[in-house]
>>> print(open('final16.tsv').read())   # TSV, C-alpha atoms and all ligand atoms
chain	number	residue	atom	x	y	z
A	974	MET	CA	7.46	-40.11	-0.85
A	975	GLN	CA	5.62	-43.13	0.55
A	976	ILE	CA	1.89	-42.36	0.82
A	977	SER	CA	-0.56	-44.58	2.71
A	978	THR	CA	-4.18	-44.54	1.58
A	979	THR	CA	-7.31	-45.14	3.65
A	980	LEU	CA	-10.44	-44.92	1.54
A	981	ALA	CA	-13.67	-43.33	2.77
A	982	ASP	CA	-16.32	-45.78	3.99
A	983	HIS	CA	-19.10	-43.45	2.92
A	984	PRO	CA	-18.08	-41.51	-0.19
A	985	VAL	CA	-20.66	-39.15	-1.66
A	986	ASP	CA	-23.08	-41.30	-3.68
A	987	ASP	CA	-23.28	-41.04	-7.46
A	988	GLY	CA	-26.63	-39.25	-7.47
A	989	ARG	CA	-25.47	-36.52	-5.10
A	990	LEU	CA	-22.16	-36.21	-6.92
A	991	ALA	CA	-23.97	-35.68	-10.23
A	992	GLU	CA	-26.04	-32.94	-8.59
A	993	ILE	CA	-22.93	-31.22	-7.22
A	994	LEU	CA	-21.03	-31.44	-10.50
A	995	ALA	CA	-24.02	-30.05	-12.42
A	996	ASN	CA	-23.64	-26.78	-10.51
A	997	PRO	CA	-20.51	-26.82	-8.37
A	998	GLY	CA	-20.09	-23.07	-7.77
A	999	PHE	CA	-16.70	-22.32	-6.22
A	1000	GLY	CA	-15.18	-23.57	-2.98
A	1001	LEU	CA	-18.46	-24.98	-1.67
A	1002	HIS	CA	-18.11	-28.74	-2.00
A	1003	PHE	CA	-15.13	-30.90	-1.10
A	1004	THR	CA	-14.18	-34.33	-2.36
A	1005	ASP	CA	-14.15	-37.57	-0.36
A	1006	HIS	CA	-10.44	-37.52	0.55
A	1007	MET	CA	-7.57	-35.27	1.60
A	1008	PHE	CA	-3.79	-35.51	1.67
A	1009	THR	CA	-1.68	-34.80	4.77
A	1010	VAL	CA	2.05	-34.93	5.56
A	1011	GLU	CA	3.78	-33.68	8.72
A	1012	TRP	CA	7.14	-32.02	9.32
A	1013	THR	CA	9.39	-31.75	12.36
A	1014	PRO	CA	13.06	-30.71	12.41
A	1015	GLU	CA	14.05	-34.18	13.67
A	1016	ARG	CA	12.09	-36.28	11.19
A	1017	GLY	CA	11.70	-33.99	8.21
A	1018	TRP	CA	8.55	-34.66	6.16
A	1019	HIS	CA	6.90	-37.86	7.35
A	1020	ASP	CA	3.65	-39.79	7.68
A	1021	ALA	CA	2.25	-38.92	4.24
A	1022	ARG	CA	-1.32	-40.15	3.94
A	1023	ILE	CA	-4.54	-39.91	2.02
A	1024	THR	CA	-7.52	-40.25	4.34
A	1025	PRO	CA	-11.26	-39.57	4.24
A	1026	TYR	CA	-11.97	-35.81	4.11
A	1027	GLY	CA	-12.84	-34.44	7.52
A	1028	PRO	CA	-12.32	-31.70	10.12
A	1029	LEU	CA	-8.99	-31.13	11.85
A	1030	THR	CA	-8.65	-31.17	15.60
A	1031	LEU	CA	-6.35	-28.31	16.62
A	1032	ASP	CA	-5.22	-27.22	20.05
A	1033	PRO	CA	-6.35	-23.61	20.70
A	1034	ALA	CA	-2.65	-22.71	21.06
A	1035	THR	CA	-1.76	-23.99	17.56
A	1036	ALA	CA	0.70	-21.46	16.15
A	1037	VAL	CA	-1.05	-20.76	12.83
A	1038	LEU	CA	-4.18	-19.56	14.63
A	1039	HIS	CA	-2.21	-16.76	16.29
A	1040	TYR	CA	0.66	-15.66	14.06
A	1041	ALA	CA	-0.64	-16.74	10.65
A	1042	GLN	CA	2.41	-18.76	9.63
A	1043	GLU	CA	0.75	-20.32	6.60
A	1044	ILE	CA	1.04	-20.49	2.82
A	1045	PHE	CA	-1.10	-21.98	0.11
A	1046	GLU	CA	-1.42	-22.66	-3.60
A	1047	GLY	CA	-4.20	-22.88	-6.15
A	1048	LEU	CA	-4.32	-24.86	-9.38
A	1049	LYS	CA	-6.83	-26.91	-11.34
A	1050	ALA	CA	-7.30	-30.37	-12.83
A	1051	TYR	CA	-9.06	-30.51	-16.21
A	1052	ARG	CA	-10.83	-33.45	-17.79
A	1053	HIS	CA	-10.22	-33.80	-21.51
A	1054	GLU	CA	-12.77	-35.13	-23.99
A	1055	ASP	CA	-11.14	-38.60	-23.92
A	1056	GLY	CA	-11.68	-38.79	-20.14
A	1057	SER	CA	-8.01	-38.26	-19.22
A	1058	ILE	CA	-7.21	-35.80	-16.39
A	1059	TRP	CA	-4.48	-33.16	-16.52
A	1060	THR	CA	-3.09	-30.34	-14.39
A	1061	PHE	CA	-1.58	-27.09	-15.72
A	1062	ARG	CA	2.10	-26.50	-14.84
A	1063	PRO	CA	1.86	-28.00	-11.30
A	1064	GLU	CA	5.64	-27.82	-10.93
A	1065	GLU	CA	5.32	-24.00	-11.12
A	1066	ASN	CA	2.91	-24.02	-8.18
A	1067	ALA	CA	5.33	-26.32	-6.34
A	1068	ALA	CA	8.20	-23.91	-7.02
A	1069	ARG	CA	6.14	-20.91	-5.91
A	1070	MET	CA	5.26	-22.73	-2.70
A	1071	VAL	CA	8.98	-23.22	-2.04
A	1072	ARG	CA	9.50	-19.45	-2.52
A	1073	SER	CA	6.54	-18.70	-0.22
A	1074	SER	CA	7.91	-21.10	2.40
A	1075	HIS	CA	11.24	-19.21	2.47
A	1076	ARG	CA	9.43	-15.91	3.14
A	1077	LEU	CA	7.23	-17.38	5.89
A	1078	ALA	CA	10.08	-19.34	7.56
A	1079	LEU	CA	8.32	-22.63	6.79
A	1080	PRO	CA	10.12	-25.82	5.74
A	1081	GLU	CA	10.62	-26.42	2.05
A	1082	LEU	CA	8.44	-29.16	0.56
A	1083	PRO	CA	10.34	-30.80	-2.33
A	1084	PRO	CA	8.51	-29.93	-5.59
A	1085	GLU	CA	8.36	-33.60	-6.62
A	1086	ASP	CA	6.53	-34.40	-3.36
A	1087	PHE	CA	4.08	-31.56	-4.01
A	1088	VAL	CA	3.30	-32.87	-7.49
A	1089	GLN	CA	3.05	-36.47	-6.28
A	1090	ALA	CA	0.67	-35.51	-3.46
A	1091	VAL	CA	-1.61	-33.65	-5.89
A	1092	ASP	CA	-1.47	-36.45	-8.48
A	1093	GLU	CA	-2.27	-39.23	-6.03
A	1094	LEU	CA	-5.12	-37.36	-4.37
A	1095	VAL	CA	-6.69	-36.38	-7.71
A	1096	ARG	CA	-6.42	-40.02	-8.85
A	1097	VAL	CA	-8.22	-41.23	-5.71
A	1098	ASP	CA	-10.99	-38.64	-6.22
A	1099	LYS	CA	-11.00	-38.67	-10.01
A	1100	ARG	CA	-14.76	-39.11	-10.24
A	1101	TRP	CA	-14.97	-35.55	-8.85
A	1102	VAL	CA	-13.30	-34.00	-11.93
A	1103	PRO	CA	-16.21	-32.53	-13.90
A	1104	ASP	CA	-16.74	-32.95	-17.62
A	1105	PRO	CA	-15.08	-30.19	-19.61
A	1106	ALA	CA	-18.34	-28.66	-20.88
A	1107	GLY	CA	-18.77	-25.11	-19.63
A	1108	GLU	CA	-15.17	-24.75	-18.41
A	1109	LYS	CA	-15.68	-26.76	-15.24
A	1110	SER	CA	-12.65	-28.12	-13.39
A	1111	LEU	CA	-11.45	-29.52	-10.09
A	1112	TYR	CA	-9.83	-26.79	-7.99
A	1113	ILE	CA	-6.79	-28.01	-6.03
A	1114	ARG	CA	-5.85	-26.28	-2.79
A	1115	PRO	CA	-2.48	-27.29	-1.29
A	1116	PHE	CA	-1.62	-25.47	1.95
A	1117	MET	CA	0.96	-25.53	4.72
A	1118	ILE	CA	0.30	-24.47	8.31
A	1119	ALA	CA	2.28	-24.13	11.53
A	1120	THR	CA	0.77	-26.82	13.76
A	1121	GLU	CA	3.06	-26.60	16.76
A	1122	LYS	CA	1.22	-25.97	20.03
A	1123	PHE	CA	3.20	-22.96	21.19
A	1124	LEU	CA	2.42	-19.29	21.81
A	1125	GLY	CA	5.81	-17.77	21.07
A	1126	VAL	CA	6.75	-15.76	18.00
A	1127	ARG	CA	9.26	-18.01	16.24
A	1128	PRO	CA	9.09	-20.46	13.33
A	1129	ALA	CA	7.00	-23.48	14.31
A	1130	GLN	CA	8.75	-26.76	14.96
A	1131	ARG	CA	5.79	-28.73	13.73
A	1132	VAL	CA	4.24	-28.07	10.34
A	1133	THR	CA	1.49	-29.76	8.33
A	1134	PHE	CA	1.06	-29.73	4.55
A	1135	MET	CA	-2.31	-30.73	3.16
A	1136	VAL	CA	-4.15	-30.89	-0.14
A	1137	ILE	CA	-7.92	-30.62	-0.52
A	1138	LEU	CA	-10.01	-30.62	-3.72
A	1139	SER	CA	-13.17	-28.78	-4.70
A	1140	PRO	CA	-15.09	-28.95	-7.99
A	1141	ALA	CA	-15.40	-25.54	-9.67
A	1142	GLY	CA	-17.94	-24.20	-12.13
A	1143	ALA	CA	-17.18	-21.71	-14.88
A	1144	TYR	CA	-15.97	-18.36	-13.50
A	1145	PHE	CA	-18.25	-16.56	-15.96
A	1146	LYS	CA	-21.71	-18.08	-16.00
A	1147	GLY	CA	-23.28	-16.15	-18.87
A	1148	GLY	CA	-20.18	-15.77	-21.06
A	1149	VAL	CA	-17.06	-13.67	-20.44
A	1150	GLN	CA	-17.91	-10.17	-19.18
A	1151	PRO	CA	-15.52	-7.27	-18.47
A	1152	VAL	CA	-14.88	-6.72	-14.75
A	1153	SER	CA	-15.26	-3.23	-13.31
A	1154	LEU	CA	-12.53	-2.08	-10.96
A	1155	TRP	CA	-12.25	0.23	-7.97
A	1156	LEU	CA	-8.92	1.94	-7.32
A	1157	THR	CA	-8.13	1.90	-3.62
A	1158	GLU	CA	-5.91	4.78	-2.59
A	1159	GLU	CA	-6.25	4.10	1.10
A	1160	TYR	CA	-5.15	0.47	1.36
A	1161	THR	CA	-2.08	-1.23	-0.10
A	1162	ARG	CA	-1.46	-4.92	-0.48
A	1163	ALA	CA	2.29	-5.17	0.01
A	1164	GLY	CA	5.33	-3.10	0.84
A	1165	ARG	CA	9.03	-3.37	0.10
A	1166	GLY	CA	10.44	-6.32	2.03
A	1167	GLY	CA	6.90	-7.48	2.83
A	1168	MET	CA	5.05	-10.60	1.80
A	1169	GLY	CA	3.53	-9.46	-1.50
A	1170	ALA	CA	5.24	-12.13	-3.58
A	1171	ALA	CA	4.30	-14.93	-1.18
A	1172	LYS	CA	0.98	-16.71	-1.39
A	1173	THR	CA	0.04	-16.40	2.25
A	1174	GLY	CA	-3.30	-15.88	3.95
A	1175	GLY	CA	-2.35	-12.55	5.52
A	1176	ASN	CA	-2.19	-10.88	2.11
A	1177	TYR	CA	-5.77	-11.91	1.47
A	1178	ALA	CA	-6.97	-10.95	4.95
A	1179	SER	CA	-5.56	-7.47	4.40
A	1180	SER	CA	-7.21	-7.18	0.98
A	1181	LEU	CA	-10.75	-7.85	2.23
A	1182	VAL	CA	-11.56	-4.36	3.47
A	1183	ALA	CA	-10.43	-2.89	0.14
A	1184	GLN	CA	-12.54	-5.45	-1.72
A	1185	GLN	CA	-15.50	-4.49	0.47
A	1186	GLU	CA	-14.92	-0.88	-0.54
A	1187	ALA	CA	-14.93	-1.94	-4.21
A	1188	ILE	CA	-18.28	-3.69	-3.80
A	1189	ALA	CA	-19.71	-0.68	-1.96
A	1190	GLU	CA	-18.60	1.46	-4.93
A	1191	GLY	CA	-20.51	-0.87	-7.25
A	1192	CYS	CA	-17.36	-2.47	-8.71
A	1193	ASP	CA	-16.38	-6.13	-9.07
A	1194	GLN	CA	-12.77	-6.02	-7.90
A	1195	VAL	CA	-10.16	-3.77	-6.33
A	1196	VAL	CA	-6.87	-2.52	-7.85
A	1197	PHE	CA	-3.90	-1.98	-5.56
A	1198	LEU	CA	-1.12	0.57	-6.07
A	1199	ASP	CA	2.44	0.39	-4.75
A	1200	SER	CA	2.80	1.35	-1.11
A	1201	GLN	CA	5.80	3.70	-1.45
A	1202	GLU	CA	4.58	6.23	-3.98
A	1203	GLY	CA	0.93	5.28	-4.39
A	1204	LYS	CA	1.45	5.62	-8.13
A	1205	TYR	CA	2.18	2.28	-9.76
A	1206	VAL	CA	-0.36	-0.43	-10.46
A	1207	GLU	CA	0.40	-3.68	-8.66
A	1208	GLU	CA	-2.44	-6.17	-9.12
A	1209	LEU	CA	-6.02	-7.02	-8.18
A	1210	GLY	CA	-6.98	-8.92	-5.04
A	1211	GLY	CA	-6.48	-12.21	-6.89
A	1212	MET	CA	-5.32	-11.47	-10.45
A	1213	ASN	CA	-2.40	-9.93	-12.36
A	1214	MET	CA	-2.82	-7.09	-14.88
A	1215	TYR	CA	-2.02	-6.62	-18.59
A	1216	TYR	CA	-2.20	-3.54	-20.88
A	1217	VAL	CA	-2.29	-3.84	-24.69
A	1218	PHE	CA	-1.11	-0.80	-26.69
A	1219	ASP	CA	-2.14	0.24	-30.21
A	1220	ASP	CA	1.37	-0.43	-31.60
A	1221	GLY	CA	1.06	-4.07	-30.51
A	1222	HIS	CA	3.26	-4.00	-27.43
A	1223	ILE	CA	1.94	-5.27	-24.12
A	1224	VAL	CA	2.86	-4.18	-20.60
A	1225	THR	CA	2.48	-6.09	-17.35
A	1226	PRO	CA	3.59	-4.75	-13.94
A	1227	GLU	CA	7.00	-6.06	-12.92
A	1228	THR	CA	7.39	-8.62	-10.15
A	1229	GLY	CA	8.74	-7.89	-6.67
A	1230	THR	CA	5.75	-7.04	-4.51
A	1231	ILE	CA	3.06	-8.79	-6.60
A	1232	LEU	CA	2.16	-12.46	-6.66
A	1233	GLU	CA	4.05	-14.06	-9.54
A	1234	GLY	CA	1.04	-15.55	-11.30
A	1235	ILE	CA	1.50	-18.71	-13.30
A	1236	THR	CA	-1.13	-17.48	-15.74
A	1237	ARG	CA	0.79	-14.19	-16.01
A	1238	ALA	CA	4.05	-16.02	-16.82
A	1239	SER	CA	2.29	-18.29	-19.32
A	1240	ILE	CA	0.80	-15.29	-21.13
A	1241	ILE	CA	4.26	-13.74	-21.56
A	1242	GLU	CA	5.29	-16.90	-23.44
A	1243	LEU	CA	2.04	-17.26	-25.34
A	1244	ALA	CA	1.95	-13.60	-26.42
A	1245	GLY	CA	5.52	-13.97	-27.69
A	1246	LYS	CA	4.44	-16.89	-29.81
A	1247	LEU	CA	1.54	-14.84	-31.18
A	1248	GLY	CA	4.07	-12.15	-32.18
A	1249	TYR	CA	3.57	-9.70	-29.28
A	1250	GLN	CA	6.35	-8.34	-27.12
A	1251	VAL	CA	5.56	-8.19	-23.38
A	1252	GLU	CA	7.37	-5.55	-21.31
A	1253	GLU	CA	7.58	-6.19	-17.58
A	1254	ARG	CA	7.93	-2.77	-15.97
A	1255	ARG	CA	6.36	-0.29	-13.60
A	1256	PHE	CA	3.04	0.96	-14.93
A	1257	SER	CA	1.54	4.09	-13.38
A	1258	ILE	CA	-2.09	4.89	-12.79
A	1259	ASP	CA	-1.54	8.08	-14.86
A	1260	GLU	CA	-0.37	5.98	-17.80
A	1261	TRP	CA	-3.59	3.96	-17.50
A	1262	ARG	CA	-5.73	7.12	-17.48
A	1263	GLU	CA	-3.85	8.80	-20.33
A	1264	GLY	CA	-3.52	5.62	-22.38
A	1265	VAL	CA	-7.25	4.93	-22.39
A	1266	THR	CA	-8.16	8.60	-22.95
A	1267	SER	CA	-5.76	8.99	-25.88
A	1268	GLY	CA	-6.73	5.64	-27.36
A	1269	ARG	CA	-3.16	4.27	-27.13
A	1270	ILE	CA	-4.32	1.52	-24.77
A	1271	ARG	CA	-6.61	-0.75	-26.79
A	1272	GLU	CA	-7.24	-3.46	-24.21
A	1273	ILE	CA	-6.76	-4.17	-20.52
A	1274	PHE	CA	-7.12	-7.58	-19.00
A	1275	ALA	CA	-6.56	-9.43	-15.73
A	1276	CYS	CA	-5.47	-13.04	-15.35
A	1277	GLY	CA	-5.29	-15.84	-12.83
A	1278	THR	CA	-6.13	-19.51	-12.35
A	1279	ALA	CA	-9.77	-18.82	-11.42
A	1280	ALA	CA	-10.90	-16.68	-14.37
A	1281	VAL	CA	-7.99	-17.53	-16.73
A	1282	VAL	CA	-8.22	-14.15	-18.51
A	1283	THR	CA	-10.88	-11.50	-18.04
A	1284	PRO	CA	-11.31	-8.21	-19.90
A	1285	VAL	CA	-11.16	-5.13	-17.68
A	1286	GLY	CA	-13.89	-2.55	-18.14
A	1287	THR	CA	-14.35	0.73	-16.28
A	1288	LEU	CA	-11.94	1.86	-13.59
A	1289	LYS	CA	-13.62	3.90	-10.86
A	1290	THR	CA	-11.47	6.21	-8.74
A	1291	LYS	CA	-12.21	8.91	-6.19
A	1292	ASP	CA	-11.42	11.45	-8.94
A	1293	GLY	CA	-13.81	10.01	-11.49
A	1294	GLU	CA	-13.98	7.13	-13.95
A	1295	VAL	CA	-11.61	5.89	-16.62
A	1296	PRO	CA	-13.76	4.28	-19.30
A	1297	ALA	CA	-13.35	0.75	-20.60
A	1298	PRO	CA	-10.78	0.47	-23.40
A	1299	PRO	CA	-12.32	-0.05	-26.86
A	1300	SER	CA	-11.37	-3.66	-27.65
A	1301	THR	CA	-11.19	-7.13	-26.15
A	1302	GLU	CA	-9.92	-8.87	-29.26
A	1303	LEU	CA	-6.44	-9.98	-28.21
A	1304	THR	CA	-7.68	-10.59	-24.65
A	1305	MET	CA	-10.19	-13.12	-25.96
A	1306	ARG	CA	-7.65	-14.70	-28.31
A	1307	ILE	CA	-5.20	-15.24	-25.47
A	1308	ARG	CA	-7.98	-16.55	-23.26
A	1309	GLN	CA	-9.14	-19.02	-25.89
A	1310	ALA	CA	-5.60	-20.20	-26.60
A	1311	LEU	CA	-4.96	-20.92	-22.90
A	1312	VAL	CA	-8.30	-22.61	-22.28
A	1313	ASP	CA	-7.87	-24.77	-25.39
A	1314	VAL	CA	-4.49	-26.02	-24.13
A	1315	GLN	CA	-5.91	-26.65	-20.63
A	1316	TYR	CA	-8.85	-28.68	-21.96
A	1317	GLY	CA	-6.74	-30.52	-24.54
A	1318	ARG	CA	-8.42	-28.92	-27.53
A	1319	ALA	CA	-5.18	-27.39	-28.86
A	1320	GLU	CA	-1.69	-28.79	-29.15
A	1321	ASP	CA	0.35	-28.20	-25.99
A	1322	THR	CA	3.40	-26.76	-27.75
A	1323	PHE	CA	4.93	-25.43	-24.52
A	1324	GLY	CA	4.68	-28.75	-22.65
A	1325	TRP	CA	2.54	-27.11	-19.94
A	1326	MET	CA	0.09	-29.94	-19.30
A	1327	HIS	CA	0.85	-32.69	-16.79
A	1328	ARG	CA	-1.09	-35.96	-17.11
A	1329	VAL	CA	-2.54	-37.24	-13.83
A	1330	CYS	CA	-4.47	-40.23	-15.20
B	1401	LIG	C1	-2.99	-11.88	-5.46
B	1401	LIG	C2	-2.98	-12.76	-6.68
B	1401	LIG	N1	-2.39	-12.30	-7.79
B	1401	LIG	C3	-2.34	-13.05	-8.91
B	1401	LIG	C4	-2.91	-14.31	-8.97
B	1401	LIG	C5	-2.81	-15.14	-10.22
B	1401	LIG	O1	-1.93	-16.20	-10.02
B	1401	LIG	P1	-2.09	-17.57	-10.85
B	1401	LIG	O2	-2.07	-17.18	-12.29
B	1401	LIG	O3	-0.92	-18.40	-10.46
B	1401	LIG	O4	-3.38	-18.14	-10.45
B	1401	LIG	C6	-3.55	-14.81	-7.84
B	1401	LIG	C7	-4.21	-16.12	-7.91
B	1401	LIG	O5	-4.07	-17.00	-7.20
B	1401	LIG	C8	-3.58	-14.03	-6.65
B	1401	LIG	O6	-4.17	-14.50	-5.54
>>> encode(input="final16.tsv", output="structure tokens")
Amino acid sequence: MQISTTLADHPVDDGRLAEILANPGFGLHFTDHMFTVEWTPERGWHDARITPYGPLTLDPATAVLHYAQEIFEGLKAYRHEDGSIWTFRPEENAARMVRSSHRLALPELPPEDFVQAVDELVRVDKRWVPDPAGEKSLYIRPFMIATEKFLGVRPAQRVTFMVILSPAGAYFKGGVQPVSLWLTEEYTRAGRGGMGAAKTGGNYASSLVAQQEAIAEGCDQVVFLDSQEGKYVEELGGMNMYYVFDDGHIVTPETGTILEGITRASIIELAGKLGYQVEERRFSIDEWREGVTSGRIREIFACGTAAVVTPVGTLKTKDGEVPAPPSTELTMRIRQALVDVQYGRAEDTFGWMHRVC
């Protein structure tokens, strides 16, 4: 892909940048540039460009604003101690975006173009990648939207793919803490034949009211069950789930209606290397309750790009609470192993890291 680059005349000055990177938060600050490429059936993907970051001008009839034909991705760039910059398995995000595009009737962006777009934009804005201290990183948000001006319900004939970047602070400020969960029995995230496996805005829009309920119940995050039987654990609003049993086996809910997390997939490989067998299968809420009560479940954790791995504490339900499992030992070992690979502090035996510059 041929990418033209127009640099910003007024990039954020070094003083302000240092201030932002000292305490970036999440999703609050955006870098000096963005990547854009357009698609039409006649021309395919064309006009790839890096330009100064700025607002879009959209016609009020732009398709995405009405029928939500959009998909996105999320990954991070990490600075290593030697100053080099790396992303974690970007080709997996590219492949997931292709799968999401099939579900949302959007055009397929070739994975090599996805990776190239991310690489070139991160290189242009490399001064925005924070130092590794305190698990800071540069969050990368690729997204694809239907930009045709048309109010009919059919796949758009004009589509835009973009990448924006935002520095991110550590997910856990004062050290890793277990998250408390609220079990929603009213709302579900995805149904059979629905969009659960696609990374599309609608799934997140529909999760907000359940997340609000979780907060109102004094919990950090919400757990969703399957929509058919209301019995099997699916995932959290933005993380996949893992259960560690006392005999050393580990269970994670099977794919189908959940988002196929790249952290989730990496943990299956990593756990195998550490000598643990991961079973991908249906996991019921009763098994959670009984497993913790009987002591057979030693640890529960959630995982995703944002938090990497986080221990799960108490589960609150309308019928009472399931206490936190007794240990976080393997959870923290897996977390450390992943973070060490991402920040270049451990050998990358799986070949997961991709050098940007
Ligand atoms: C609904 C949902 N599940 C799981 C995940 C974890 O996926 P990943 O490990 O690729 O970040 C995410 C994170 O983006 C998510 O939004």
>>> residues_near_ligand(input="final16.tsv", ligand="ligand LIG 1401 (chain B)", cutoff="7 Å", atoms="only C-alpha atoms and all ligand atoms", output="compact mmCIF listing (two decimals) with C-alpha atoms, in the frame of the given file")
# COMPACT_ATOMS: atom_id res chain seq x y z
CA GLY A 1047 -4.20 -22.88 -6.15
CA LEU A 1048 -4.32 -24.86 -9.38
CA LYS A 1172 0.98 -16.71 -1.39
CA GLU A 1208 -2.44 -6.17 -9.12
CA LEU A 1209 -6.02 -7.02 -8.18
CA GLY A 1210 -6.98 -8.92 -5.04
CA GLY A 1211 -6.48 -12.21 -6.89
CA MET A 1212 -5.32 -11.47 -10.45
CA ASN A 1213 -2.40 -9.93 -12.36
CA ILE A 1231 3.06 -8.79 -6.60
CA LEU A 1232 2.16 -12.46 -6.66
CA GLU A 1233 4.05 -14.06 -9.54
CA GLY A 1234 1.04 -15.55 -11.30
CA ILE A 1235 1.50 -18.71 -13.30
CA THR A 1236 -1.13 -17.48 -15.74
CA ARG A 1237 0.79 -14.19 -16.01
CA CYS A 1276 -5.47 -13.04 -15.35
CA GLY A 1277 -5.29 -15.84 -12.83
CA THR A 1278 -6.13 -19.51 -12.35
CA ALA A 1279 -9.77 -18.82 -11.42
>>> residues_around(input="final16.tsv", residues="Arg1306 in chain A", least_positions_apart="6", cutoff="10 Å", atoms="all atoms listed in the file", output="ChimeraX atom specification")
/A:1244,1247,1282,1312
>>> axis_aligned_box(input="final16.tsv", around="range 1299-1312 of chain A", padding_each_side="3 Å", output="AutoDock Vina command-line options")
--center_x -8.6 --center_y -11.3 --center_z -25.8 --size_x 13.4 --size_y 28.6 --size_z 13.0
>>> atom_distance(input="final16.tsv", atom1="CA of Gly1147 in chain A", atom2="CA of Pro1063 in chain A")
28.8 Å
>>> closest_residue(input="final16.tsv", among="A:Arg1100, A:His983, A:Arg1162, A:Arg1269", to="Gly1203 in chain A", atoms="all atoms listed in the file")
A:Arg1162
>>> residues_near_point(input="final16.tsv", point="(-13.7, -6.0, -4.7)", cutoff="8 Å", atoms="all atoms listed in the file", output="list in words")
Leu1154, Trp1155, Leu1181, Ala1183, Gln1184, Gln1185, Glu1186, Ala1187, Ile1188, Cys1192, Asp1193, Gln1194, Val1195 and Gly1210 of chain A
>>> closest_residue(input="final16.tsv", among="A:Arg1308, A:His1075, A:Lys1122, A:Arg1062", to="Phe1323 in chain A", atoms="all atoms listed in the file")
A:Arg1062
>>> residues_around(input="final16.tsv", residues="range 1251-1254 of chain A", least_positions_apart="5", cutoff="12 Å", atoms="all atoms listed in the file", output="PDB file with C-alpha atoms, keeping the file's coordinate frame")
ATOM      1  CA  TYR A1205       2.180   2.280  -9.760  1.00  0.00           C
ATOM      2  CA  VAL A1206      -0.360  -0.430 -10.460  1.00  0.00           C
ATOM      3  CA  GLU A1207       0.400  -3.680  -8.660  1.00  0.00           C
ATOM      4  CA  ASN A1213      -2.400  -9.930 -12.360  1.00  0.00           C
ATOM      5  CA  MET A1214      -2.820  -7.090 -14.880  1.00  0.00           C
ATOM      6  CA  TYR A1215      -2.020  -6.620 -18.590  1.00  0.00           C
ATOM      7  CA  TYR A1216      -2.200  -3.540 -20.880  1.00  0.00           C
ATOM      8  CA  VAL A1217      -2.290  -3.840 -24.690  1.00  0.00           C
ATOM      9  CA  PHE A1218      -1.110  -0.800 -26.690  1.00  0.00           C
ATOM     10  CA  GLY A1221       1.060  -4.070 -30.510  1.00  0.00           C
ATOM     11  CA  HIS A1222       3.260  -4.000 -27.430  1.00  0.00           C
ATOM     12  CA  ILE A1223       1.940  -5.270 -24.120  1.00  0.00           C
ATOM     13  CA  VAL A1224       2.860  -4.180 -20.600  1.00  0.00           C
ATOM     14  CA  THR A1225       2.480  -6.090 -17.350  1.00  0.00           C
ATOM     15  CA  PRO A1226       3.590  -4.750 -13.940  1.00  0.00           C
ATOM     16  CA  GLU A1227       7.000  -6.060 -12.920  1.00  0.00           C
ATOM     17  CA  THR A1228       7.390  -8.620 -10.150  1.00  0.00           C
ATOM     18  CA  GLY A1229       8.740  -7.890  -6.670  1.00  0.00           C
ATOM     19  CA  GLU A1233       4.050 -14.060  -9.540  1.00  0.00           C
ATOM     20  CA  ARG A1237       0.790 -14.190 -16.010  1.00  0.00           C
ATOM     21  CA  ALA A1238       4.050 -16.020 -16.820  1.00  0.00           C
ATOM     22  CA  SER A1239       2.290 -18.290 -19.320  1.00  0.00           C
ATOM     23  CA  ILE A1240       0.800 -15.290 -21.130  1.00  0.00           C
ATOM     24  CA  ILE A1241       4.260 -13.740 -21.560  1.00  0.00           C
ATOM     25  CA  GLU A1242       5.290 -16.900 -23.440  1.00  0.00           C
ATOM     26  CA  LEU A1243       2.040 -17.260 -25.340  1.00  0.00           C
ATOM     27  CA  ALA A1244       1.950 -13.600 -26.420  1.00  0.00           C
ATOM     28  CA  GLY A1245       5.520 -13.970 -27.690  1.00  0.00           C
ATOM     29  CA  LYS A1246       4.440 -16.890 -29.810  1.00  0.00           C
TER      30      LYS A1246
END
>>> residues_near_point(input="final16.tsv", point="(-9.3, -27.9, -16.0)", cutoff="8 Å", atoms="all atoms listed in the file", output="PyMOL selection string")
chain A and resi 1049-1052+1059-1061+1105+1108-1111+1315-1316
>>> write_last_selection(input="final16.tsv", atoms="C-alpha atoms", output="PDB file, in the coordinates of the input")
ATOM      1  CA  LYS A1049      -6.830 -26.910 -11.340  1.00  0.00           C
ATOM      2  CA  ALA A1050      -7.300 -30.370 -12.830  1.00  0.00           C
ATOM      3  CA  TYR A1051      -9.060 -30.510 -16.210  1.00  0.00           C
ATOM      4  CA  ARG A1052     -10.830 -33.450 -17.790  1.00  0.00           C
ATOM      5  CA  TRP A1059      -4.480 -33.160 -16.520  1.00  0.00           C
ATOM      6  CA  THR A1060      -3.090 -30.340 -14.390  1.00  0.00           C
ATOM      7  CA  PHE A1061      -1.580 -27.090 -15.720  1.00  0.00           C
ATOM      8  CA  PRO A1105     -15.080 -30.190 -19.610  1.00  0.00           C
ATOM      9  CA  GLU A1108     -15.170 -24.750 -18.410  1.00  0.00           C
ATOM     10  CA  LYS A1109     -15.680 -26.760 -15.240  1.00  0.00           C
ATOM     11  CA  SER A1110     -12.650 -28.120 -13.390  1.00  0.00           C
ATOM     12  CA  LEU A1111     -11.450 -29.520 -10.090  1.00  0.00           C
ATOM     13  CA  GLN A1315      -5.910 -26.650 -20.630  1.00  0.00           C
ATOM     14  CA  TYR A1316      -8.850 -28.680 -21.960  1.00  0.00           C
TER      15      TYR A1316
END
>>> closest_residue(input="final16.tsv", among="A:Gly1166, A:Pro1025, A:Pro1151, A:Gly1324", to="Ile1273 in chain A", atoms="all atoms listed in the file")
A:Pro1151
